[in-house]
$ cat input34.pdb   # PDB, C-alpha atoms
ATOM      1  CA  MET F  14     -34.057  39.782  -2.405
ATOM      2  CA  GLY F  15     -33.062  40.609   1.177
ATOM      3  CA  THR F  16     -33.406  38.339   4.179
ATOM      4  CA  LEU F  17     -35.974  35.590   4.670
ATOM      5  CA  ILE F  18     -36.390  33.651   7.933
ATOM      6  CA  ARG F  19     -38.034  30.226   7.716
ATOM      7  CA  ARG F  20     -38.461  27.045   9.752
ATOM      8  CA  ALA F  21     -35.798  24.432   9.135
ATOM      9  CA  THR F  22     -36.824  21.152   7.461
ATOM     10  CA  PRO F  23     -35.073  17.737   7.489
ATOM     11  CA  ALA F  24     -33.440  18.687   4.175
ATOM     12  CA  ASP F  25     -31.563  21.437   6.039
ATOM     13  CA  ALA F  26     -29.691  18.999   8.313
ATOM     14  CA  PRO F  27     -26.384  19.159   6.346
ATOM     15  CA  GLN F  28     -26.515  22.975   6.343
ATOM     16  CA  ILE F  29     -27.380  23.139  10.058
ATOM     17  CA  LEU F  30     -24.430  20.853  10.831
ATOM     18  CA  ALA F  31     -22.135  23.072   8.762
ATOM     19  CA  PHE F  32     -23.356  26.123  10.730
ATOM     20  CA  ILE F  33     -22.871  24.281  14.071
ATOM     21  CA  ARG F  34     -19.294  23.414  13.102
ATOM     22  CA  ALA F  35     -18.555  26.947  11.947
ATOM     23  CA  LEU F  36     -19.914  28.347  15.225
ATOM     24  CA  ALA F  37     -17.825  25.892  17.271
ATOM     25  CA  ALA F  38     -14.723  26.969  15.350
ATOM     26  CA  TYR F  39     -15.549  30.630  16.011
ATOM     27  CA  GLU F  40     -16.004  29.769  19.704
ATOM     28  CA  ARG F  41     -12.498  28.244  19.696
ATOM     29  CA  ALA F  42     -13.715  24.673  20.214
ATOM     30  CA  PRO F  43     -13.874  23.088  16.726
ATOM     31  CA  GLU F  44     -13.124  19.606  18.133
ATOM     32  CA  ALA F  45     -16.156  19.823  20.452
ATOM     33  CA  ALA F  46     -18.691  19.686  17.607
ATOM     34  CA  VAL F  47     -19.043  15.917  17.212
ATOM     35  CA  ALA F  48     -22.758  15.895  16.287
ATOM     36  CA  THR F  49     -23.741  14.173  13.042
ATOM     37  CA  GLU F  50     -26.522  14.724  10.504
ATOM     38  CA  GLU F  51     -28.212  11.611  11.896
ATOM     39  CA  ASP F  52     -28.201  13.154  15.389
ATOM     40  CA  LEU F  53     -29.870  16.321  14.103
ATOM     41  CA  LEU F  54     -32.477  14.436  12.080
ATOM     42  CA  ARG F  55     -33.374  12.188  15.032
ATOM     43  CA  ASP F  56     -33.425  14.924  17.685
ATOM     44  CA  GLY F  57     -34.865  17.836  15.719
ATOM     45  CA  PHE F  58     -37.283  16.247  13.268
ATOM     46  CA  GLY F  59     -38.281  12.889  14.782
ATOM     47  CA  PRO F  60     -41.188  11.825  17.005
ATOM     48  CA  ARG F  61     -39.655  13.549  20.052
ATOM     49  CA  PRO F  62     -38.097  16.836  18.931
ATOM     50  CA  PHE F  63     -35.585  18.304  21.375
ATOM     51  CA  PHE F  64     -35.139  21.590  19.487
ATOM     52  CA  ASP F  65     -36.614  23.975  16.940
ATOM     53  CA  CYS F  66     -34.526  25.603  14.245
ATOM     54  CA  LEU F  67     -34.883  28.680  12.025
ATOM     55  CA  ILE F  68     -32.859  29.245   8.868
ATOM     56  CA  ALA F  69     -31.994  32.710   7.544
ATOM     57  CA  GLU F  70     -31.624  33.045   3.792
ATOM     58  CA  HIS F  71     -30.027  36.091   2.241
ATOM     59  CA  ASP F  72     -30.433  36.670  -1.492
ATOM     60  CA  GLY F  73     -31.683  33.096  -1.740
ATOM     61  CA  ARG F  74     -28.732  31.414  -0.002
ATOM     62  CA  PRO F  75     -28.485  30.031   3.577
ATOM     63  CA  ALA F  76     -26.879  32.755   5.686
ATOM     64  CA  GLY F  77     -27.342  31.677   9.300
ATOM     65  CA  PHE F  78     -29.488  29.866  11.835
ATOM     66  CA  ALA F  79     -31.087  30.042  15.251
ATOM     67  CA  LEU F  80     -31.603  26.828  17.252
ATOM     68  CA  PHE F  81     -33.684  26.886  20.424
ATOM     69  CA  PHE F  82     -35.833  24.859  22.832
ATOM     70  CA  TYR F  83     -38.068  25.431  25.848
ATOM     71  CA  ASN F  84     -37.002  25.769  29.458
ATOM     72  CA  TYR F  85     -39.175  26.516  32.492
ATOM     73  CA  SER F  86     -39.140  29.219  35.131
ATOM     74  CA  THR F  87     -40.492  27.961  38.462
ATOM     75  CA  TRP F  88     -40.534  31.561  39.685
ATOM     76  CA  ARG F  89     -42.714  32.734  36.802
ATOM     77  CA  GLY F  90     -44.673  29.495  36.402
ATOM     78  CA  ARG F  91     -44.190  29.787  32.651
ATOM     79  CA  PRO F  92     -42.072  28.174  29.945
ATOM     80  CA  GLY F  93     -39.316  30.242  28.400
ATOM     81  CA  ILE F  94     -37.141  29.918  25.337
ATOM     82  CA  TYR F  95     -33.482  29.006  25.568
ATOM     83  CA  LEU F  96     -31.508  29.990  22.486
ATOM     84  CA  GLU F  97     -28.715  27.446  22.126
ATOM     85  CA  ASP F  98     -27.154  28.746  18.891
ATOM     86  CA  LEU F  99     -27.331  31.940  16.859
ATOM     87  CA  PHE F 100     -24.959  32.223  13.915
ATOM     88  CA  VAL F 101     -24.509  34.237  10.732
ATOM     89  CA  LEU F 102     -21.820  33.505   8.153
ATOM     90  CA  PRO F 103     -18.894  35.913   8.703
ATOM     91  CA  GLU F 104     -19.058  37.297   5.151
ATOM     92  CA  LEU F 105     -22.756  38.192   5.607
ATOM     93  CA  ARG F 106     -22.562  40.001   8.944
ATOM     94  CA  GLY F 107     -23.609  43.621   9.334
ATOM     95  CA  LYS F 108     -26.745  43.158   7.204
ATOM     96  CA  GLY F 109     -29.221  42.697  10.057
ATOM     97  CA  ILE F 110     -29.488  38.920   9.579
ATOM     98  CA  GLY F 111     -28.658  38.054  13.208
ATOM     99  CA  LYS F 112     -31.132  40.669  14.348
ATOM    100  CA  ALA F 113     -33.822  39.238  12.076
ATOM    101  CA  LEU F 114     -33.205  35.751  13.514
ATOM    102  CA  LEU F 115     -33.328  36.996  17.104
ATOM    103  CA  GLN F 116     -36.513  38.958  16.395
ATOM    104  CA  ARG F 117     -38.186  35.869  14.964
ATOM    105  CA  VAL F 118     -37.211  33.851  18.041
ATOM    106  CA  ALA F 119     -38.711  36.638  20.181
ATOM    107  CA  ALA F 120     -41.893  36.408  18.088
ATOM    108  CA  VAL F 121     -42.071  32.646  18.758
ATOM    109  CA  ALA F 122     -41.612  33.380  22.478
ATOM    110  CA  LEU F 123     -44.539  35.809  22.365
ATOM    111  CA  GLU F 124     -46.745  33.329  20.497
ATOM    112  CA  GLN F 125     -45.963  30.614  23.069
ATOM    113  CA  GLY F 126     -46.605  32.827  26.094
ATOM    114  CA  CYS F 127     -42.963  32.783  27.172
ATOM    115  CA  GLN F 128     -41.887  35.558  29.504
ATOM    116  CA  ARG F 129     -38.185  34.920  29.138
ATOM    117  CA  LEU F 130     -35.777  34.461  26.259
ATOM    118  CA  GLN F 131     -32.371  33.411  27.474
ATOM    119  CA  TRP F 132     -28.986  32.392  26.087
ATOM    120  CA  GLN F 133     -25.253  32.481  26.829
ATOM    121  CA  VAL F 134     -22.298  34.312  25.365
ATOM    122  CA  LEU F 135     -18.549  33.821  25.806
ATOM    123  CA  ASP F 136     -17.074  36.580  27.950
ATOM    124  CA  TRP F 137     -14.474  37.531  25.282
ATOM    125  CA  ASN F 138     -17.023  37.822  22.464
ATOM    126  CA  THR F 139     -17.345  41.597  22.626
ATOM    127  CA  PRO F 140     -19.179  42.118  19.316
ATOM    128  CA  ALA F 141     -21.868  39.646  20.389
ATOM    129  CA  ILE F 142     -22.112  41.155  23.888
ATOM    130  CA  ASP F 143     -22.602  44.647  22.415
ATOM    131  CA  PHE F 144     -25.191  43.319  19.962
ATOM    132  CA  TYR F 145     -27.152  41.503  22.680
ATOM    133  CA  ARG F 146     -27.147  44.581  24.902
ATOM    134  CA  ALA F 147     -28.534  46.637  21.988
ATOM    135  CA  MET F 148     -31.258  43.999  21.534
ATOM    136  CA  GLY F 149     -32.480  44.483  25.128
ATOM    137  CA  GLY F 150     -30.487  41.687  26.780
ATOM    138  CA  GLU F 151     -29.605  41.945  30.458
ATOM    139  CA  PHE F 152     -26.576  40.098  31.807
ATOM    140  CA  LEU F 153     -27.136  37.793  34.793
ATOM    141  CA  ASP F 154     -23.564  37.733  36.035
ATOM    142  CA  GLU F 155     -24.493  36.674  39.573
ATOM    143  CA  TRP F 156     -25.277  33.164  38.295
ATOM    144  CA  ARG F 157     -22.461  30.659  37.670
ATOM    145  CA  ASN F 158     -22.962  27.724  35.311
ATOM    146  CA  VAL F 159     -22.194  24.254  36.631
ATOM    147  CA  ARG F 160     -21.953  21.064  34.585
ATOM    148  CA  VAL F 161     -21.416  17.359  35.158
ATOM    149  CA  SER F 162     -20.423  15.627  31.901
ATOM    150  CA  GLY F 163     -19.874  12.176  30.464
ATOM    151  CA  GLU F 164     -18.310   9.704  32.877
ATOM    152  CA  ALA F 165     -18.838  12.030  35.837
ATOM    153  CA  ILE F 166     -22.612  11.572  35.399
ATOM    154  CA  ALA F 167     -22.214   7.800  35.767
ATOM    155  CA  ARG F 168     -19.981   8.253  38.820
ATOM    156  CA  LEU F 169     -22.511  10.589  40.407
ATOM    157  CA  ALA F 170     -25.450   8.290  39.634
ATOM    158  CA  GLN F 171     -23.723   5.261  41.126
ATOM    159  CA  THR F 172     -22.345   6.791  44.329
ATOM    160  CA  GLU F 173     -23.715   5.216  47.492
ATOM    161  CA  VAL F 174     -25.761   7.487  49.714
ATOM    162  CA  ALA F 175     -25.331   7.502  53.473
ATOM    163  CA  GLN F 176     -28.796   7.608  55.020
TER     164      GLN F 176
ATOM    165  CA  MET M  13     -37.008   5.314  57.673
ATOM    166  CA  GLY M  14     -34.300   7.322  55.904
ATOM    167  CA  THR M  15     -34.629   9.085  52.577
ATOM    168  CA  LEU M  16     -36.913   8.113  49.709
ATOM    169  CA  ILE M  17     -36.817   9.760  46.275
ATOM    170  CA  ARG M  18     -39.960   9.495  44.155
ATOM    171  CA  ARG M  19     -41.568  11.102  41.108
ATOM    172  CA  ALA M  20     -43.873  13.992  41.896
ATOM    173  CA  THR M  21     -47.614  13.604  41.218
ATOM    174  CA  PRO M  22     -50.295  16.272  40.706
ATOM    175  CA  ALA M  23     -51.147  15.936  44.414
ATOM    176  CA  ASP M  24     -47.679  17.335  45.190
ATOM    177  CA  ALA M  25     -48.346  20.688  43.499
ATOM    178  CA  PRO M  26     -48.966  22.601  46.782
ATOM    179  CA  GLN M  27     -45.783  21.144  48.296
ATOM    180  CA  ILE M  28     -43.737  21.891  45.172
ATOM    181  CA  LEU M  29     -44.980  25.485  45.230
ATOM    182  CA  ALA M  30     -44.026  25.792  48.914
ATOM    183  CA  PHE M  31     -40.517  24.522  48.076
ATOM    184  CA  ILE M  32     -40.235  26.945  45.111
ATOM    185  CA  ARG M  33     -41.169  29.860  47.382
ATOM    186  CA  ALA M  34     -38.756  28.761  50.100
ATOM    187  CA  LEU M  35     -35.945  28.485  47.536
ATOM    188  CA  ALA M  36     -36.731  31.946  46.134
ATOM    189  CA  ALA M  37     -36.587  33.371  49.660
ATOM    190  CA  TYR M  38     -33.225  31.666  50.255
ATOM    191  CA  GLU M  39     -32.017  33.121  46.935
ATOM    192  CA  ARG M  40     -32.999  36.610  48.187
ATOM    193  CA  ALA M  41     -35.813  37.044  45.672
ATOM    194  CA  PRO M  42     -39.023  36.029  47.487
ATOM    195  CA  GLU M  43     -41.133  38.451  45.422
ATOM    196  CA  ALA M  44     -39.967  36.792  42.178
ATOM    197  CA  ALA M  45     -41.830  33.528  42.858
ATOM    198  CA  VAL M  46     -45.222  34.402  41.392
ATOM    199  CA  ALA M  47     -46.064  30.918  40.067
ATOM    200  CA  THR M  48     -49.344  29.342  41.217
ATOM    201  CA  GLU M  49     -50.475  25.759  41.817
ATOM    202  CA  GLU M  50     -52.497  26.005  38.600
ATOM    203  CA  ASP M  51     -49.338  26.923  36.672
ATOM    204  CA  LEU M  52     -47.501  23.871  38.032
ATOM    205  CA  LEU M  53     -50.391  21.498  37.347
ATOM    206  CA  ARG M  54     -50.771  22.770  33.766
ATOM    207  CA  ASP M  55     -47.062  22.853  32.914
ATOM    208  CA  GLY M  56     -45.792  19.800  34.808
ATOM    209  CA  PHE M  57     -48.655  17.324  34.653
ATOM    210  CA  GLY M  58     -50.762  18.273  31.626
ATOM    211  CA  PRO M  59     -50.704  17.119  27.983
ATOM    212  CA  ARG M  60     -47.504  19.077  27.270
ATOM    213  CA  PRO M  61     -45.196  18.766  30.293
ATOM    214  CA  PHE M  62     -42.439  21.380  30.444
ATOM    215  CA  PHE M  63     -40.651  19.822  33.424
ATOM    216  CA  ASP M  64     -40.134  16.682  35.521
ATOM    217  CA  CYS M  65     -40.025  16.768  39.296
ATOM    218  CA  LEU M  66     -38.669  14.467  42.005
ATOM    219  CA  ILE M  67     -39.707  14.662  45.658
ATOM    220  CA  ALA M  68     -37.437  13.628  48.533
ATOM    221  CA  GLU M  69     -39.147  12.279  51.628
ATOM    222  CA  HIS M  70     -37.277  11.919  54.899
ATOM    223  CA  ASP M  71     -38.815   9.834  57.646
ATOM    224  CA  GLY M  72     -42.050   9.922  55.685
ATOM    225  CA  ARG M  73     -42.278  13.714  55.291
ATOM    226  CA  PRO M  74     -41.509  15.882  52.217
ATOM    227  CA  ALA M  75     -37.962  17.158  52.648
ATOM    228  CA  GLY M  76     -36.949  18.620  49.298
ATOM    229  CA  PHE M  77     -37.307  18.513  45.535
ATOM    230  CA  ALA M  78     -35.458  18.511  42.219
ATOM    231  CA  LEU M  79     -37.135  20.029  39.139
ATOM    232  CA  PHE M  80     -35.571  19.578  35.723
ATOM    233  CA  PHE M  81     -36.165  19.472  31.970
ATOM    234  CA  TYR M  82     -34.254  18.642  28.790
ATOM    235  CA  ASN M  83     -31.955  20.922  26.837
ATOM    236  CA  TYR M  84     -29.888  20.090  23.744
ATOM    237  CA  SER M  85     -26.200  20.252  22.928
ATOM    238  CA  THR M  86     -25.598  20.939  19.250
ATOM    239  CA  TRP M  87     -21.926  20.139  19.814
ATOM    240  CA  ARG M  88     -22.666  16.704  21.245
ATOM    241  CA  GLY M  89     -25.769  16.024  19.151
ATOM    242  CA  ARG M  90     -27.492  14.780  22.299
ATOM    243  CA  PRO M  91     -30.108  16.003  24.745
ATOM    244  CA  GLY M  92     -28.954  16.963  28.224
ATOM    245  CA  ILE M  93     -30.686  17.642  31.510
ATOM    246  CA  TYR M  94     -31.004  21.125  32.936
ATOM    247  CA  LEU M  95     -31.665  21.162  36.663
ATOM    248  CA  GLU M  96     -33.755  24.243  37.364
ATOM    249  CA  ASP M  97     -34.266  23.775  41.123
ATOM    250  CA  LEU M  98     -32.679  21.673  43.850
ATOM    251  CA  PHE M  99     -33.819  22.358  47.401
ATOM    252  CA  VAL M 100     -33.804  20.704  50.824
ATOM    253  CA  LEU M 101     -35.571  22.158  53.850
ATOM    254  CA  PRO M 102     -33.005  24.000  56.015
ATOM    255  CA  GLU M 103     -33.750  21.893  59.118
ATOM    256  CA  LEU M 104     -33.072  18.676  57.173
ATOM    257  CA  ARG M 105     -29.750  19.586  55.571
ATOM    258  CA  GLY M 106     -26.599  17.584  56.214
ATOM    259  CA  LYS M 107     -28.403  14.236  55.908
ATOM    260  CA  GLY M 108     -27.469  13.489  52.288
ATOM    261  CA  ILE M 109     -30.909  14.406  50.947
ATOM    262  CA  GLY M 110     -29.624  16.897  48.359
ATOM    263  CA  LYS M 111     -27.017  14.379  47.278
ATOM    264  CA  ALA M 112     -29.685  11.670  46.922
ATOM    265  CA  LEU M 113     -31.784  14.011  44.745
ATOM    266  CA  LEU M 114     -28.819  14.967  42.543
ATOM    267  CA  GLN M 115     -27.834  11.304  42.170
ATOM    268  CA  ARG M 116     -31.342  10.394  41.066
ATOM    269  CA  VAL M 117     -31.292  13.184  38.478
ATOM    270  CA  ALA M 118     -27.938  11.834  37.250
ATOM    271  CA  ALA M 119     -29.514   8.374  36.996
ATOM    272  CA  VAL M 120     -32.337   9.819  34.850
ATOM    273  CA  ALA M 121     -29.693  11.489  32.658
ATOM    274  CA  LEU M 122     -27.962   8.121  32.179
ATOM    275  CA  GLU M 123     -31.242   6.369  31.340
ATOM    276  CA  GLN M 124     -32.064   9.042  28.744
ATOM    277  CA  GLY M 125     -28.639   8.981  27.093
ATOM    278  CA  CYS M 126     -27.787  12.516  28.235
ATOM    279  CA  GLN M 127     -24.108  13.402  28.236
ATOM    280  CA  ARG M 128     -24.522  16.593  30.221
ATOM    281  CA  LEU M 129     -26.257  17.576  33.437
ATOM    282  CA  GLN M 130     -26.190  21.308  33.943
ATOM    283  CA  TRP M 131     -27.496  23.927  36.357
ATOM    284  CA  GLN M 132     -26.709  27.348  37.856
ATOM    285  CA  VAL M 133     -25.713  28.588  41.277
ATOM    286  CA  LEU M 134     -25.560  32.082  42.753
ATOM    287  CA  ASP M 135     -21.965  33.255  43.107
ATOM    288  CA  TRP M 136     -22.377  34.009  46.843
ATOM    289  CA  ASN M 137     -23.867  30.583  47.680
ATOM    290  CA  THR M 138     -20.618  29.065  48.958
ATOM    291  CA  PRO M 139     -22.111  25.961  50.633
ATOM    292  CA  ALA M 140     -23.858  25.006  47.373
ATOM    293  CA  ILE M 141     -20.733  25.723  45.304
ATOM    294  CA  ASP M 142     -18.629  23.478  47.559
ATOM    295  CA  PHE M 143     -21.286  20.756  47.433
ATOM    296  CA  TYR M 144     -21.522  20.868  43.631
ATOM    297  CA  ARG M 145     -17.748  20.712  43.268
ATOM    298  CA  ALA M 146     -17.699  17.628  45.522
ATOM    299  CA  MET M 147     -20.389  16.074  43.289
ATOM    300  CA  GLY M 148     -18.153  16.362  40.200
ATOM    301  CA  GLY M 149     -19.449  19.696  38.896
ATOM    302  CA  GLU M 150     -17.197  21.866  36.756
ATOM    303  CA  PHE M 151     -17.759  25.627  36.627
ATOM    304  CA  LEU M 152     -18.147  27.193  33.179
ATOM    305  CA  ASP M 153     -17.227  30.730  34.151
ATOM    306  CA  GLU M 154     -16.297  31.795  30.602
ATOM    307  CA  TRP M 155     -20.002  31.821  29.678
ATOM    308  CA  ARG M 156     -22.196  34.802  30.606
ATOM    309  CA  ASN M 157     -25.973  34.443  30.869
ATOM    310  CA  VAL M 158     -28.113  36.850  28.873
ATOM    311  CA  ARG M 159     -31.861  37.323  29.176
ATOM    312  CA  VAL M 160     -34.620  39.315  27.506
ATOM    313  CA  SER M 161     -37.731  39.394  29.716
ATOM    314  CA  GLY M 162     -41.356  40.473  29.641
ATOM    315  CA  GLU M 163     -42.016  43.649  27.674
ATOM    316  CA  ALA M 164     -38.519  43.618  26.191
ATOM    317  CA  ILE M 165     -39.460  40.426  24.294
ATOM    318  CA  ALA M 166     -42.388  42.223  22.677
ATOM    319  CA  ARG M 167     -40.210  45.220  21.816
ATOM    320  CA  LEU M 168     -37.607  42.929  20.250
ATOM    321  CA  ALA M 169     -40.196  40.947  18.281
ATOM    322  CA  GLN M 170     -41.811  44.067  16.879
ATOM    323  CA  THR M 171     -38.703  46.005  15.879
ATOM    324  CA  GLU M 172     -38.466  46.686  12.165
ATOM    325  CA  VAL M 173     -35.534  45.109  10.363
ATOM    326  CA  ALA M 174     -33.506  47.056   7.841
ATOM    327  CA  GLN M 175     -32.849  44.763   4.889
TER     328      GLN M 175
END
$ encode --input "input34.pdb" --output "C-alpha cells"
Amino acid sequence: MGTLIRRATPADAPQILAFIRALAAYERAPEAAVATEEDLLRDGFGPRPFFDCLIAEHDGRPAGFALFFYNYSTWRGRPGIYLEDLFVLPELRGKGIGKALLQRVAAVALEQGCQRLQWQVLDWNTPAIDFYRAMGGEFLDEWRNVRVSGEAIARLAQTEVAQ
Amino acid sequence: MGTLIRRATPADAPQILAFIRALAAYERAPEAAVATEEDLLRDGFGPRPFFDCLIAEHDGRPAGFALFFYNYSTWRGRPGIYLEDLFVLPELRGKGIGKALLQRVAAVALEQGCQRLQWQVLDWNTPAIDFYRAMGGEFLDEWRNVRVSGEAIARLAQTEVAQ
C-alpha cells in the first residue's frame, strides 16, 4: 500500500500527541512535552489555528507527522514556512516516509508563495543533518537562537524603563 | 517627550521599510532586503496578517521598530512569539528604546498566554548579545538552523518518492 500523506483532522489529536512525545524522547527531553490533546485540538483545529499538520500513513497505519506554521521574512517581503516537527516512527525509517513528508511541506510552501522553508536540528543529530543536507537544506550557523521563557517574560514585561 | 511605543498602522509602511533596509545593512546584507511597501501593506495590514509591528517614537520622531508573529511549541502546547526584527536608529541608541520595544513585545506575549519569546542574533553582534543576555535571554546553541530557499523548494517538492 506504500505511503500516503494527508492533512491531520481533530480525530488525529491522540496520535499527534503520541508522536510529539516520542520526538521529545528522541531529542532527550521527554519531560519537556507537557502538551495535552486539548491543547492540540484548541490550537490546531479551533477558530484560530496556530499550526497545520500532515500525517504520514504507511501500509494503512500512522507512521509519522509534520507540523508547521507560517513565519515572515522582512527581507523577502514574503511569508515562509517554519517546520516545527518532523518525525517518523523508528521502526519505519529508511522507507522514504520522512522525505515524503518534507516534500509535501515543500509543496504547500510553493502553493502559498513561500520562498523559504526553515526548521531546526539538534547539533548531535547526525542522521537528520545528513538527511536535511541531501534534501537541499543549507545550515545558517551564523545565527544564534535566543529565548525568554516563562517567568522571565513576566519579569521583562514589568521592568521599569528609564526614559 | 521621551519614548512612546505604539502599534504600527498602514501609514507607517514607508518607515518600516526604511528600518528593515537599515537593519539589513547593519547585518551586512543590504542587497537581501528586497521587500517593497506593497509587500508590507499586503502582509501586515491586509485580510490575512502575517506579522504585527510596533513603532518606537522618541521625542515625537520614529526611532525604531519591533516586528513579530506567532509560532507554536508542540512541547508546551502553547503559541509563542517570534521576534523577527528589533531595530533602533544608530544615533538614538543607549536611551532604552530597544529595551522599551522588547518589554512591550514581552507584554504582548503575556497578554496572549505565550510561554516563549524567541528570536535570533548574528554570532558577531556582541552588543546585541550582551543586551539580550541582560534582558533574560538564554542562548539555545545546541540547535542549528536549516533552510531550503527559492528554487530548492521547487526541486524538493517535485522530487519523486520511492515507495
$ interface_residues --input "input34.pdb" --of "chain F" --to "chain M" --cutoff "6 Å" --atoms "only C-alpha atoms" --output "PyMOL selection string"
chain F and resi 15+45-48+52+88-90+116+119-120+128-136+150-153+155-163+166+169-170+176
$ write_last_selection --input "input34.pdb" --atoms "C-alpha atoms" --output "tab-separated table (two decimals), in the coordinates of the input"
chain	number	residue	atom	x	y	z
F	15	GLY	CA	-33.06	40.61	1.18
F	45	ALA	CA	-16.16	19.82	20.45
F	46	ALA	CA	-18.69	19.69	17.61
F	47	VAL	CA	-19.04	15.92	17.21
F	48	ALA	CA	-22.76	15.90	16.29
F	52	ASP	CA	-28.20	13.15	15.39
F	88	TRP	CA	-40.53	31.56	39.68
F	89	ARG	CA	-42.71	32.73	36.80
F	90	GLY	CA	-44.67	29.50	36.40
F	116	GLN	CA	-36.51	38.96	16.40
F	119	ALA	CA	-38.71	36.64	20.18
F	120	ALA	CA	-41.89	36.41	18.09
F	128	GLN	CA	-41.89	35.56	29.50
F	129	ARG	CA	-38.18	34.92	29.14
F	130	LEU	CA	-35.78	34.46	26.26
F	131	GLN	CA	-32.37	33.41	27.47
F	132	TRP	CA	-28.99	32.39	26.09
F	133	GLN	CA	-25.25	32.48	26.83
F	134	VAL	CA	-22.30	34.31	25.36
F	135	LEU	CA	-18.55	33.82	25.81
F	136	ASP	CA	-17.07	36.58	27.95
F	150	GLY	CA	-30.49	41.69	26.78
F	151	GLU	CA	-29.60	41.94	30.46
F	152	PHE	CA	-26.58	40.10	31.81
F	153	LEU	CA	-27.14	37.79	34.79
F	155	GLU	CA	-24.49	36.67	39.57
F	156	TRP	CA	-25.28	33.16	38.30
F	157	ARG	CA	-22.46	30.66	37.67
F	158	ASN	CA	-22.96	27.72	35.31
F	159	VAL	CA	-22.19	24.25	36.63
F	160	ARG	CA	-21.95	21.06	34.58
F	161	VAL	CA	-21.42	17.36	35.16
F	162	SER	CA	-20.42	15.63	31.90
F	163	GLY	CA	-19.87	12.18	30.46
F	166	ILE	CA	-22.61	11.57	35.40
F	169	LEU	CA	-22.51	10.59	40.41
F	170	ALA	CA	-25.45	8.29	39.63
F	176	GLN	CA	-28.80	7.61	55.02
$ resolve_selection --input "input34.pdb" --expression "the PyMOL selection byres ((chain M and resi 100) around 8)" --output "PDB file with C-alpha atoms, in the frame of the given file"
ATOM      1  CA  ALA M  75     -37.962  17.158  52.648  1.00  0.00           C
ATOM      2  CA  GLY M  76     -36.949  18.620  49.298  1.00  0.00           C
ATOM      3  CA  PHE M  77     -37.307  18.513  45.535  1.00  0.00           C
ATOM      4  CA  LEU M  98     -32.679  21.673  43.850  1.00  0.00           C
ATOM      5  CA  PHE M  99     -33.819  22.358  47.401  1.00  0.00           C
ATOM      6  CA  LEU M 101     -35.571  22.158  53.850  1.00  0.00           C
ATOM      7  CA  PRO M 102     -33.005  24.000  56.015  1.00  0.00           C
ATOM      8  CA  LEU M 104     -33.072  18.676  57.173  1.00  0.00           C
ATOM      9  CA  ARG M 105     -29.750  19.586  55.571  1.00  0.00           C
ATOM     10  CA  ILE M 109     -30.909  14.406  50.947  1.00  0.00           C
ATOM     11  CA  GLY M 110     -29.624  16.897  48.359  1.00  0.00           C
TER      12      GLY M 110
END
$ atom_distance --input "input34.pdb" --atom1 "atom CA of Ala25 of chain M" --atom2 "atom CA of Pro59 of chain M"
16.1 Å
$ axis_aligned_box --input "input34.pdb" --around "segment 29-42 of chain M" --padding-each-side "6 Å" --output "JSON"
{"center_x": -38.5, "center_y": 30.8, "center_z": 47.7, "size_x": 25.0, "size_y": 24.5, "size_z": 17.1}
